[in-house]
file coords.cif (mmCIF, C-alpha atoms and all ligand atoms)
data_my_file
#
loop_
_atom_site.label_atom_id
_atom_site.label_comp_id
_atom_site.auth_asym_id
_atom_site.auth_seq_id
_atom_site.Cartn_x
_atom_site.Cartn_y
_atom_site.Cartn_z
CA MET A 680 -48.52 21.14 36.84
CA LYS A 681 -45.14 20.13 38.07
CA TYR A 682 -44.97 16.37 38.18
CA ASP A 683 -42.30 14.71 40.32
CA TYR A 684 -42.72 11.11 39.22
CA ILE A 685 -43.74 8.86 36.40
CA LEU A 686 -45.15 5.44 37.21
CA ILE A 687 -44.70 3.01 34.34
CA ARG A 688 -46.82 -0.13 34.04
CA PHE A 689 -45.47 -3.01 31.99
CA GLY A 690 -47.68 -4.68 29.43
CA GLU A 691 -47.58 -8.22 28.16
CA ILE A 692 -44.35 -8.83 30.01
CA SER A 693 -46.26 -9.19 33.24
CA THR A 694 -47.34 -12.58 32.00
CA LYS A 695 -44.01 -13.94 30.82
CA GLY A 696 -43.18 -16.21 33.73
CA LYS A 697 -39.52 -17.01 34.21
CA ASN A 698 -38.50 -14.89 31.26
CA ARG A 699 -39.94 -11.79 32.79
CA ARG A 700 -36.66 -10.85 34.42
CA LEU A 701 -35.04 -10.68 31.00
CA PHE A 702 -37.92 -8.64 29.61
CA VAL A 703 -37.96 -6.22 32.50
CA ASP A 704 -34.20 -5.71 32.34
CA ARG A 705 -34.39 -5.08 28.62
CA LEU A 706 -37.27 -2.66 29.02
CA LYS A 707 -35.39 -0.77 31.70
CA ARG A 708 -32.38 -0.54 29.44
CA ASN A 709 -34.48 0.70 26.52
CA ILE A 710 -36.21 3.28 28.69
CA LYS A 711 -32.87 4.54 29.96
CA MET A 712 -31.53 4.66 26.43
CA VAL A 713 -34.33 6.84 25.06
CA LEU A 714 -34.08 9.11 28.11
CA ARG A 715 -30.29 9.18 28.24
CA ASP A 716 -30.05 12.95 27.87
CA TYR A 717 -32.33 13.55 30.88
CA THR A 718 -29.47 12.99 33.28
CA GLY A 719 -31.34 13.95 36.45
CA ILE A 720 -33.82 11.04 36.34
CA ARG A 721 -33.53 8.25 38.93
CA TYR A 722 -34.94 4.81 38.21
CA GLU A 723 -36.46 2.26 40.53
CA SER A 724 -38.41 -0.85 39.66
CA THR A 725 -40.52 -3.55 41.22
CA ARG A 726 -42.13 -6.68 39.76
CA ASP A 727 -44.61 -5.03 37.49
CA ARG A 728 -43.83 -1.39 37.42
CA MET A 729 -41.07 1.16 37.28
CA THR A 730 -40.90 4.54 38.93
CA LEU A 731 -38.98 7.45 37.49
CA THR A 732 -38.07 10.27 39.84
CA LEU A 733 -37.79 13.28 37.62
CA ASN A 734 -35.68 15.55 39.83
CA GLY A 735 -36.87 18.59 37.90
CA GLU A 736 -36.55 17.08 34.39
CA ASP A 737 -39.29 18.03 31.91
CA ALA A 738 -42.27 15.67 32.31
CA GLU A 739 -43.74 16.52 28.89
CA GLY A 740 -40.53 15.75 27.05
CA VAL A 741 -40.13 12.48 28.93
CA THR A 742 -43.77 11.58 28.21
CA ALA A 743 -43.29 12.07 24.47
CA ARG A 744 -40.30 9.71 24.44
CA LEU A 745 -41.92 7.05 26.61
CA LYS A 746 -44.87 6.77 24.24
CA ASN A 747 -42.58 5.15 21.66
CA VAL A 748 -41.08 2.51 23.92
CA PHE A 749 -42.40 -0.98 23.24
CA GLY A 750 -43.24 -3.00 26.34
CA ILE A 751 -44.93 -0.16 28.20
CA GLN A 752 -48.66 -0.66 28.68
CA SER A 753 -49.42 2.67 30.30
CA PHE A 754 -47.86 5.25 32.52
CA SER A 755 -49.04 7.98 34.84
CA LEU A 756 -47.65 11.29 35.87
CA ALA A 757 -47.57 11.72 39.63
CA VAL A 758 -46.89 14.25 42.35
CA LYS A 759 -45.80 13.47 45.86
CA CYS A 760 -46.85 15.12 49.10
CA PRO A 761 -46.52 14.43 52.82
CA THR A 762 -48.97 11.92 54.28
CA ASP A 763 -51.23 14.33 56.15
CA LEU A 764 -54.79 15.24 55.29
CA HIS A 765 -54.19 18.93 54.85
CA SER A 766 -51.29 18.47 52.39
CA ILE A 767 -53.18 15.86 50.40
CA LYS A 768 -56.25 18.10 50.10
CA GLU A 769 -54.28 21.10 48.97
CA THR A 770 -52.09 19.16 46.52
CA ALA A 771 -55.14 17.43 45.04
CA LEU A 772 -57.02 20.69 44.60
CA ALA A 773 -54.08 22.58 43.13
CA SER A 774 -53.36 19.92 40.57
CA VAL A 775 -56.99 19.50 39.52
CA LYS A 776 -57.31 23.27 39.16
CA GLU A 777 -54.40 23.32 36.77
CA GLN A 778 -55.87 20.85 34.36
CA TYR A 779 -59.68 21.06 34.32
CA LYS A 780 -61.91 23.08 32.06
CA ALA A 781 -65.56 23.99 32.73
CA GLY A 782 -67.86 21.05 32.01
CA ASP A 783 -65.27 18.43 32.93
CA THR A 784 -66.06 15.56 35.28
CA PHE A 785 -63.80 13.94 37.84
CA LYS A 786 -63.46 11.07 40.22
CA VAL A 787 -61.22 10.35 43.21
CA SER A 788 -60.01 6.83 44.07
CA THR A 789 -57.93 6.19 47.14
CA LYS A 790 -55.69 3.26 47.96
CA ARG A 791 -54.40 2.99 51.50
CA ALA A 792 -51.18 1.05 51.91
CA TYR A 793 -50.77 2.79 55.26
CA LYS A 794 -53.74 1.45 57.21
CA GLN A 795 -53.22 3.67 60.23
CA PHE A 796 -54.12 6.77 58.24
CA GLU A 797 -56.90 8.70 59.95
CA LEU A 798 -59.55 8.26 57.21
CA ASP A 799 -60.47 5.09 55.34
CA THR A 800 -60.67 4.98 51.54
CA ASN A 801 -64.36 5.90 51.27
CA GLU A 802 -63.98 8.74 53.70
CA MET A 803 -60.94 9.97 51.78
CA ASN A 804 -62.76 9.88 48.42
CA ALA A 805 -65.61 11.89 49.92
CA GLU A 806 -63.33 14.31 51.74
CA ILE A 807 -61.06 15.08 48.79
CA GLY A 808 -63.93 15.05 46.26
CA GLY A 809 -65.93 17.45 48.43
CA HIS A 810 -62.96 19.76 48.84
CA ILE A 811 -62.43 19.89 45.07
CA LEU A 812 -66.15 20.46 44.37
CA ARG A 813 -66.37 23.34 46.85
CA ASN A 814 -63.34 25.09 45.42
CA THR A 815 -63.87 24.81 41.67
CA ASP A 816 -66.47 25.97 39.13
CA GLY A 817 -68.11 23.85 36.46
CA LEU A 818 -66.61 20.55 37.61
CA THR A 819 -68.87 17.63 38.53
CA VAL A 820 -68.39 14.06 39.68
CA ASP A 821 -68.67 11.10 37.32
CA VAL A 822 -67.57 7.78 38.76
CA HIS A 823 -67.94 5.85 35.50
CA SER A 824 -65.99 7.74 32.85
CA PRO A 825 -64.49 10.86 34.35
CA ASP A 826 -62.36 13.30 32.35
CA ILE A 827 -59.99 13.55 35.27
CA HIS A 828 -59.27 10.53 37.39
CA LEU A 829 -57.31 11.38 40.49
CA ARG A 830 -55.76 8.36 42.15
CA ILE A 831 -54.39 8.76 45.65
CA GLU A 832 -52.00 6.23 47.08
CA ILE A 833 -51.36 6.72 50.79
CA ARG A 834 -48.13 5.27 52.12
CA GLU A 835 -46.50 5.87 55.45
CA ASP A 836 -43.54 7.83 54.11
CA ALA A 837 -45.40 9.82 51.46
CA THR A 838 -48.59 10.07 49.45
CA TYR A 839 -48.66 9.86 45.64
CA LEU A 840 -51.29 11.54 43.51
CA THR A 841 -51.49 10.39 39.90
CA PHE A 842 -53.57 12.02 37.22
CA ARG A 843 -52.80 11.51 33.63
CA ASP A 844 -52.91 7.96 32.41
CA GLU A 845 -50.96 7.83 29.19
CA LYS A 846 -51.31 4.88 26.84
CA GLY A 847 -47.99 3.17 26.08
CA ALA A 848 -46.89 1.66 22.77
CA GLY A 849 -47.70 -1.91 23.87
CA GLY A 850 -45.75 -4.72 22.27
CA LEU A 851 -42.59 -6.24 23.74
CA PRO A 852 -39.29 -4.58 24.62
CA VAL A 853 -37.04 -4.25 21.58
CA GLY A 854 -34.20 -6.77 21.82
CA SER A 855 -36.03 -9.14 24.16
CA GLY A 856 -36.87 -11.48 21.28
CA GLY A 857 -33.49 -11.59 19.56
CA LYS A 858 -32.33 -10.04 16.32
CA ALA A 859 -33.48 -10.00 12.70
CA MET A 860 -32.38 -8.31 9.50
CA LEU A 861 -34.75 -5.87 7.78
CA MET A 862 -34.45 -5.53 4.02
CA ILE A 863 -35.09 -1.86 3.60
CA SER A 864 -35.71 -0.16 0.27
CA GLY A 865 -36.56 3.51 -0.12
CA GLY A 866 -40.21 2.51 -0.48
CA ILE A 867 -43.21 2.89 1.77
CA ASP A 868 -43.54 -0.69 2.92
CA SER A 869 -40.25 -1.92 4.34
CA PRO A 870 -39.92 0.74 7.10
CA VAL A 871 -43.40 -0.20 8.27
CA ALA A 872 -42.36 -3.86 8.32
CA GLY A 873 -39.40 -2.81 10.49
CA PHE A 874 -41.73 -1.12 12.94
CA TYR A 875 -43.75 -4.32 13.36
CA ALA A 876 -40.58 -6.40 13.84
CA MET A 877 -39.54 -4.07 16.66
CA LYS A 878 -43.02 -4.04 18.13
CA ARG A 879 -42.76 -7.76 18.79
CA GLY A 880 -39.50 -7.36 20.65
CA LEU A 881 -36.89 -7.81 17.94
CA GLU A 882 -33.76 -5.80 17.50
CA ILE A 883 -33.26 -5.08 13.82
CA GLU A 884 -30.29 -4.45 11.57
CA ALA A 885 -31.23 -2.91 8.23
CA VAL A 886 -29.82 -4.05 4.87
CA HIS A 887 -30.03 -1.85 1.80
CA PHE A 888 -28.90 -2.61 -1.75
CA PHE A 889 -27.78 0.29 -3.83
CA SER A 890 -26.41 0.51 -7.34
CA PRO A 891 -24.35 3.58 -8.06
CA PRO A 892 -24.23 5.31 -10.50
CA TYR A 893 -27.71 4.08 -11.43
CA THR A 894 -28.95 5.14 -8.02
CA SER A 895 -27.84 8.44 -6.51
CA GLU A 896 -26.46 9.50 -3.15
CA ARG A 897 -29.83 11.04 -2.45
CA ALA A 898 -31.53 7.66 -2.79
CA LYS A 899 -29.07 6.32 -0.24
CA GLN A 900 -29.66 9.28 2.05
CA LYS A 901 -33.37 8.53 1.91
CA VAL A 902 -32.74 5.06 3.35
CA ILE A 903 -30.46 6.50 6.02
CA ASP A 904 -33.23 8.93 6.98
CA LEU A 905 -35.83 6.14 7.06
CA THR A 906 -33.65 4.01 9.29
CA GLU A 907 -32.96 6.93 11.56
CA ARG A 908 -36.67 7.46 11.93
CA LEU A 909 -37.10 3.87 13.06
CA THR A 910 -34.60 4.42 15.88
CA ALA A 911 -37.35 6.27 17.76
CA PHE A 912 -38.95 2.91 18.46
CA GLY A 913 -35.94 0.97 19.63
CA GLY A 914 -32.73 2.94 19.90
CA ASP A 915 -29.63 2.66 17.71
CA ILE A 916 -29.91 0.69 14.47
CA LYS A 917 -27.10 -0.66 12.27
CA LEU A 918 -27.59 -0.09 8.55
CA HIS A 919 -25.65 -2.25 6.10
CA ILE A 920 -25.33 -0.70 2.67
CA VAL A 921 -24.54 -3.29 0.03
CA PRO A 922 -22.96 -2.30 -3.30
CA PHE A 923 -25.11 -4.13 -5.83
CA THR A 924 -24.16 -2.61 -9.19
CA LYS A 925 -21.93 -5.40 -10.48
CA THR A 926 -24.44 -8.09 -9.56
CA GLN A 927 -27.25 -6.26 -11.29
CA GLU A 928 -25.17 -5.73 -14.41
CA LEU A 929 -24.32 -9.40 -14.54
CA ILE A 930 -27.98 -10.32 -14.15
CA GLN A 931 -28.85 -7.99 -17.04
CA LYS A 932 -26.29 -9.72 -19.17
CA GLN A 933 -26.95 -13.33 -18.25
CA ILE A 934 -30.59 -13.80 -17.31
CA PRO A 935 -33.53 -13.53 -19.73
CA GLU A 936 -35.21 -10.21 -19.23
CA ASN A 937 -38.52 -11.53 -17.93
CA TYR A 938 -36.68 -13.46 -15.21
CA SER A 939 -34.21 -10.73 -14.23
CA MET A 940 -36.44 -9.45 -11.42
CA THR A 941 -36.68 -12.91 -9.91
CA ALA A 942 -32.90 -13.34 -10.13
CA THR A 943 -32.34 -9.92 -8.56
CA ARG A 944 -34.51 -10.78 -5.59
CA ARG A 945 -32.89 -14.16 -5.15
CA LEU A 946 -29.43 -12.62 -5.10
CA MET A 947 -30.51 -9.90 -2.69
CA LEU A 948 -31.91 -12.52 -0.38
CA GLN A 949 -28.72 -14.61 -0.53
CA ILE A 950 -26.56 -11.60 0.30
CA ALA A 951 -28.91 -10.49 3.07
CA ASP A 952 -28.74 -14.01 4.45
CA LYS A 953 -24.93 -13.93 4.55
CA LEU A 954 -25.05 -10.66 6.44
CA ARG A 955 -27.63 -12.15 8.78
CA GLU A 956 -25.31 -15.00 9.57
CA GLN A 957 -22.34 -12.70 10.14
CA ASN A 958 -24.37 -10.62 12.54
CA ASN A 959 -25.98 -13.47 14.46
CA ALA A 960 -29.54 -12.69 13.46
CA LEU A 961 -32.16 -15.40 12.98
CA ALA A 962 -34.65 -14.08 10.45
CA ILE A 963 -35.09 -11.67 7.55
CA PHE A 964 -37.96 -9.18 7.40
CA THR A 965 -39.30 -7.69 4.17
CA GLY A 966 -42.07 -5.24 3.32
CA GLU A 967 -43.77 -7.61 0.93
CA SER A 968 -47.52 -7.84 0.81
CA LEU A 969 -49.23 -10.46 -1.29
CA GLY A 970 -50.33 -9.45 -4.76
CA GLN A 971 -49.04 -5.90 -4.71
CA VAL A 972 -46.60 -6.10 -7.62
CA ALA A 973 -45.15 -8.71 -10.00
CA SER A 974 -42.55 -9.95 -7.54
CA GLN A 975 -45.13 -10.43 -4.83
CA THR A 976 -47.31 -13.19 -6.19
CA LEU A 977 -47.22 -16.44 -4.31
CA GLU A 978 -45.36 -18.13 -7.19
CA SER A 979 -42.79 -15.38 -7.13
CA MET A 980 -42.29 -15.58 -3.39
CA TYR A 981 -41.82 -19.32 -3.72
CA ALA A 982 -39.18 -18.98 -6.43
CA ILE A 983 -37.33 -16.24 -4.55
CA ASN A 984 -37.57 -17.80 -1.11
CA ALA A 985 -36.08 -21.07 -2.40
CA VAL A 986 -32.52 -19.72 -1.98
CA THR A 987 -32.67 -19.97 1.81
CA SER A 988 -34.24 -21.87 4.65
CA THR A 989 -33.90 -18.85 6.97
CA PRO A 990 -37.32 -17.59 8.05
CA VAL A 991 -38.34 -14.70 5.80
CA LEU A 992 -41.01 -12.80 7.71
CA ARG A 993 -43.48 -10.46 6.08
CA PRO A 994 -45.53 -8.59 8.67
CA LEU A 995 -47.47 -6.64 6.00
CA ILE A 996 -48.68 -9.74 4.21
CA GLY A 997 -52.31 -9.25 5.13
CA MET A 998 -52.44 -5.49 4.77
CA ASP A 999 -53.87 -3.42 1.91
CA LYS A 1000 -51.71 -0.66 0.47
CA THR A 1001 -54.00 2.00 1.94
CA GLU A 1002 -53.56 0.54 5.42
CA ILE A 1003 -49.78 0.44 4.99
CA ILE A 1004 -49.76 4.06 3.84
CA GLU A 1005 -51.82 5.10 6.83
CA LYS A 1006 -49.38 3.39 9.18
CA ALA A 1007 -46.38 4.93 7.39
CA LYS A 1008 -47.92 8.37 7.89
CA GLU A 1009 -48.39 7.67 11.57
CA LEU A 1010 -44.79 6.59 11.93
CA GLY A 1011 -43.48 9.61 10.08
CA THR A 1012 -41.78 7.49 7.41
CA TYR A 1013 -44.24 8.24 4.60
CA ASP A 1014 -42.94 11.70 3.71
CA ILE A 1015 -39.42 10.35 3.43
CA SER A 1016 -40.51 7.34 1.38
CA ILE A 1017 -42.28 9.42 -1.25
CA ARG A 1018 -39.20 11.52 -2.05
CA PRO A 1019 -38.79 10.88 -5.76
CA TYR A 1020 -35.45 9.11 -5.92
CA GLU A 1021 -34.87 5.95 -7.85
CA ASP A 1022 -34.43 2.56 -6.24
CA CYS A 1023 -32.02 -0.03 -7.64
CA CYS A 1024 -34.91 -2.32 -8.50
CA THR A 1025 -37.02 0.24 -10.29
CA ILE A 1026 -34.16 1.12 -12.59
CA PHE A 1027 -33.56 -2.43 -13.68
CA THR A 1028 -37.21 -3.43 -13.73
CA PRO A 1029 -37.98 -5.14 -17.02
CA SER A 1030 -40.99 -3.96 -18.99
CA ALA A 1031 -42.74 -7.31 -18.57
CA PRO A 1032 -41.48 -9.22 -15.52
CA LYS A 1033 -42.77 -12.75 -15.13
CA THR A 1034 -45.61 -12.69 -12.61
CA ARG A 1035 -45.59 -16.46 -12.19
CA PRO A 1036 -41.92 -17.42 -12.36
CA LYS A 1037 -40.99 -21.06 -12.03
CA LYS A 1038 -38.32 -22.03 -9.53
CA GLU A 1039 -36.88 -24.68 -11.87
CA LYS A 1040 -36.57 -22.17 -14.70
CA ILE A 1041 -34.79 -19.50 -12.70
CA GLU A 1042 -32.46 -22.13 -11.28
CA HIS A 1043 -31.73 -23.27 -14.79
CA PHE A 1044 -31.03 -19.74 -16.05
CA GLU A 1045 -28.78 -19.01 -13.10
CA SER A 1046 -26.85 -22.26 -13.53
CA TYR A 1047 -24.91 -20.85 -16.49
CA THR A 1048 -23.33 -18.11 -14.39
CA ASP A 1049 -21.22 -18.21 -11.26
CA PHE A 1050 -22.65 -15.51 -9.03
CA GLU A 1051 -20.73 -16.66 -5.95
CA PRO A 1052 -17.68 -14.36 -6.36
CA LEU A 1053 -19.96 -11.36 -6.71
CA ILE A 1054 -22.01 -12.34 -3.68
CA LYS A 1055 -18.80 -12.64 -1.70
CA GLU A 1056 -17.50 -9.32 -2.94
CA ALA A 1057 -20.79 -7.54 -2.18
CA VAL A 1058 -20.71 -8.86 1.38
CA GLU A 1059 -17.08 -7.83 1.82
CA LYS A 1060 -17.60 -4.34 0.46
CA THR A 1061 -20.73 -3.70 2.51
CA GLU A 1062 -20.53 -0.45 4.42
CA THR A 1063 -22.06 -0.45 7.88
CA ILE A 1064 -23.19 2.67 9.70
CA VAL A 1065 -24.85 2.98 13.09
CA LEU A 1066 -27.76 5.37 13.35
CA LYS A 1067 -28.26 6.97 16.69
CA GLY A 1068 -31.71 8.17 17.57
CA LYS A 1069 -32.18 11.89 17.24
CA THR A 1070 -34.04 13.50 20.07
CA GLU A 1071 -35.93 15.97 17.87
CA VAL A 1072 -37.19 13.19 15.65
CA LYS A 1073 -38.42 11.15 18.58
CA GLU A 1074 -40.49 13.95 19.95
CA LYS A 1075 -42.39 14.35 16.73
CA PHE A 1076 -43.78 10.85 17.21
CA ALA A 1077 -45.44 11.77 20.44
CA ASP A 1078 -49.04 11.12 19.48
CA PHE A 1079 -48.84 8.01 17.41
CA PHE A 1080 -50.18 5.40 19.74
P1 LIG A 1101 -41.17 -1.19 -0.48
O1 LIG A 1101 -42.18 -0.10 -0.39
O2 LIG A 1101 -40.71 -1.68 0.85
O3 LIG A 1101 -40.05 -0.86 -1.44
P2 LIG A 1101 -42.54 -2.44 -2.58
O4 LIG A 1101 -43.98 -2.59 -2.46
O5 LIG A 1101 -41.99 -1.34 -3.41
O6 LIG A 1101 -41.92 -2.39 -1.11
P3 LIG A 1101 -40.71 -4.21 -3.84
O7 LIG A 1101 -39.99 -3.06 -4.43
O8 LIG A 1101 -41.13 -5.35 -4.68
O9 LIG A 1101 -42.03 -3.82 -3.10
O10 LIG A 1101 -39.83 -4.79 -2.65
C1 LIG A 1101 -40.27 -5.83 -1.82
C2 LIG A 1101 -39.38 -5.92 -0.63
O11 LIG A 1101 -38.04 -6.24 -1.02
C3 LIG A 1101 -39.23 -4.58 0.08
O12 LIG A 1101 -40.30 -4.36 0.97
C4 LIG A 1101 -37.92 -4.75 0.78
O13 LIG A 1101 -38.08 -5.48 1.95
C5 LIG A 1101 -37.11 -5.54 -0.24
N1 LIG A 1101 -36.31 -4.60 -1.09
C6 LIG A 1101 -36.66 -4.08 -2.27
N2 LIG A 1101 -35.69 -3.27 -2.74
C7 LIG A 1101 -34.70 -3.30 -1.84
C8 LIG A 1101 -33.41 -2.67 -1.74
N3 LIG A 1101 -32.96 -1.85 -2.67
N4 LIG A 1101 -32.67 -2.93 -0.65
C9 LIG A 1101 -33.12 -3.76 0.32
N5 LIG A 1101 -34.31 -4.37 0.28
C10 LIG A 1101 -35.09 -4.15 -0.79
MG MG A 1102 -39.90 -0.89 -3.57
#
call {"tool": "encode", "arguments": {"input": "coords.cif", "output": "structure tokens", "more": "lines below"}}
Ligand code: ATP
Ligand code: MG
result
Amino acid sequence: MKYDYILIRFGEISTKGKNRRLFVDRLKRNIKMVLRDYTGIRYESTRDRMTLTLNGEDAEGVTARLKNVFGIQSFSLAVKCPTDLHSIKETALASVKEQYKAGDTFKVSTKRAYKQFELDTNEMNAEIGGHILRNTDGLTVDVHSPDIHLRIEIREDATYLTFRDEKGAGGLPVGSGGKAMLMISGGIDSPVAGFYAMKRGLEIEAVHFFSPPYTSERAKQKVIDLTERLTAFGGDIKLHIVPFTKTQELIQKQIPENYSMTATRRLMLQIADKLREQNNALAIFTGESLGQVASQTLESMYAINAVTSTPVLRPLIGMDKTEIIEKAKELGTYDISIRPYEDCCTIFTPSAPKTRPKKEKIEHFESYTDFEPLIKEAVEKTETIVLKGKTEVKEKFADFF
């Protein structure tokens, strides 16, 4: 079937009142960004939907990309034909023939914007339905849950026939809600947290701490690959890579072993917060989930979080590990996350970290050392790279939603 058009319906944004303009503009920009290499497409939009004229561009390829764009509720592939009964009948039949298999059911619904058309909507449904029934084998009508739902929209200048209703990714357009930093490790959880941040309309910048030579180039590459994978859901992402070796060595030297994990996290959070400020973001996302490991008890979160009043958001907080893993597999991040390279935290993890650290104690231990110069240096020496979405990667995500 050669589709000429794609009709995109917006989701939650339809209800956003005076902000909707901003949302719609952002969504349009995001759609254009993911489709930027399909140069033939023309875009047109009204209050609650957007029409893409494909001009011969590949509908399947475009469909796969659109499924990852947050803010789209659903979209349909459409063909156009002249507004005359004969053309509509033939176009409807030809397109149904291309997609049905024996045993399928179908339904025709007509909408008539052009009231002067010779048949009314009921007559059209009967006429087109009858024509399809007479000219196909093994296809029957089911008005309640048809396999194929043919919608006909009659306008004066042309008639549109839409067939496939594709589910969109839902959520809100990336960037419409502002910007946040994502603390990304090479683990399973943080990329999933990034996905949820983007789903609710945030643009993210990723921050990763690495400690050469304790952690290898391959561990860093893993994080680059994870971040690149996330670009499928929201376009280009900046990744800040923070050199963390000196800070970790100083922690090893100065902080009692059972509190070194708490100190590490506190310093990471302080550095991430500085980068957040520099980049005009308003929150920090992490992949923490309550009770998973020593650093993720409520006491631990309290002691770590005390270094900043910036919102630290944890979208996985209520999820079990198995649920997170399932989501990571869907997103295509899981296979990257399980590559066996060391993370800076695993290497320095003490044998018995304190599971219920006290804020006063860690503050006391830290008070003997001036970490400020190292925090400053880490921020200054941070390397920033911009990951551009890769087309091939995006298409692999086609069926996730
Ligand atoms: P993940 O699978 O995301 O690594 P985890 O269950 O292994 O999570 P931790 O290792 O305790 O848990 O990390 C908790 C959170 O701290 C991570 O989700 C991430 O947001 C942040 N984090 C941990 N290590 C790093 C790092 N090297 N760079 C940046 N952020 C990190
Ligand atoms: Mg981890």
call {"tool": "residues_near_ligand", "arguments": {"input": "coords.cif", "ligand": "ligand LIG 1101 (chain A)", "cutoff": "9 Å", "atoms": "all atoms listed in the file", "output": "PyMOL selection string"}}
result
chain A and resi 861-872+885-890+902+920-921+923+944+947-948+951+963-968+971-975+993+1000+1016+1022-1025
call {"tool": "atom_distance", "arguments": {"input": "coords.cif", "atom1": "atom CA of A:Phe754", "atom2": "atom CA of A:Val741"}}
result
11.2 Å
call {"tool": "closest_residue", "arguments": {"input": "coords.cif", "among": "A:Tyr793, A:Val822, A:Leu706, A:Ile687", "to": "A:Ala757", "atoms": "only C-alpha atoms"}}
result
A:Ile687
call {"tool": "atom_distance", "arguments": {"input": "coords.cif", "atom1": "atom CA of A:Ser855", "atom2": "atom CA of A:Asn958"}}
result
16.5 Å
call {"tool": "atom_distance", "arguments": {"input": "coords.cif", "atom1": "atom CA of A:Val748", "atom2": "atom CA of A:Tyr779"}}
result
28.3 Å
call {"tool": "residues_around", "arguments": {"input": "coords.cif", "residues": "A:Gln778", "least_positions_apart": "6", "cutoff": "12 Å", "atoms": "only C-alpha atoms", "output": "ChimeraX atom specification"}}
result
/A:680-681,771-772,784-785,815,818,826-829,842-843
call {"tool": "residues_around", "arguments": {"input": "coords.cif", "residues": "stretch 845-847 of chain A", "least_positions_apart": "4", "cutoff": "6 Å", "atoms": "all atoms listed in the file", "output": "list in words"}}
result
Lys746, Ile751, Gln752, Ser753, Phe754 and Ser755 of chain A
call {"tool": "closest_residue", "arguments": {"input": "coords.cif", "among": "A:Ala898, A:Val820, A:Leu812, A:Leu977", "to": "ligand MG 1102 (chain A)", "atoms": "all atoms listed in the file"}}
result
A:Ala898
call {"tool": "closest_residue", "arguments": {"input": "coords.cif", "among": "A:Val1058, A:Ile1017, A:Ile767, A:Ile833", "to": "A:Phe796", "atoms": "all atoms listed in the file"}}
result
A:Ile833
call {"tool": "closest_residue", "arguments": {"input": "coords.cif", "among": "A:Ala781, A:Ile685, A:Leu840, A:Cys760", "to": "A:Asn734", "atoms": "only C-alpha atoms"}}
result
A:Ile685
call {"tool": "closest_residue", "arguments": {"input": "coords.cif", "among": "A:Asp763, A:Thr1063, A:Thr1028, A:Gly740", "to": "ligand MG 1102 (chain A)", "atoms": "all atoms listed in the file"}}
result
A:Thr1028
call {"tool": "residues_around", "arguments": {"input": "coords.cif", "residues": "stretch 797-806 of chain A", "least_positions_apart": "4", "cutoff": "9 Å", "atoms": "all atoms listed in the file", "output": "ChimeraX atom specification"}}
result
/A:763-764,768,786-791,810-811,831
call {"tool": "residues_around", "arguments": {"input": "coords.cif", "residues": "A:Thr1034", "least_positions_apart": "2", "cutoff": "10 Å", "atoms": "only C-alpha atoms", "output": "ChimeraX atom specification"}}
result
/A:937-938,940-941,970,972-979,1031-1032,1036-1037
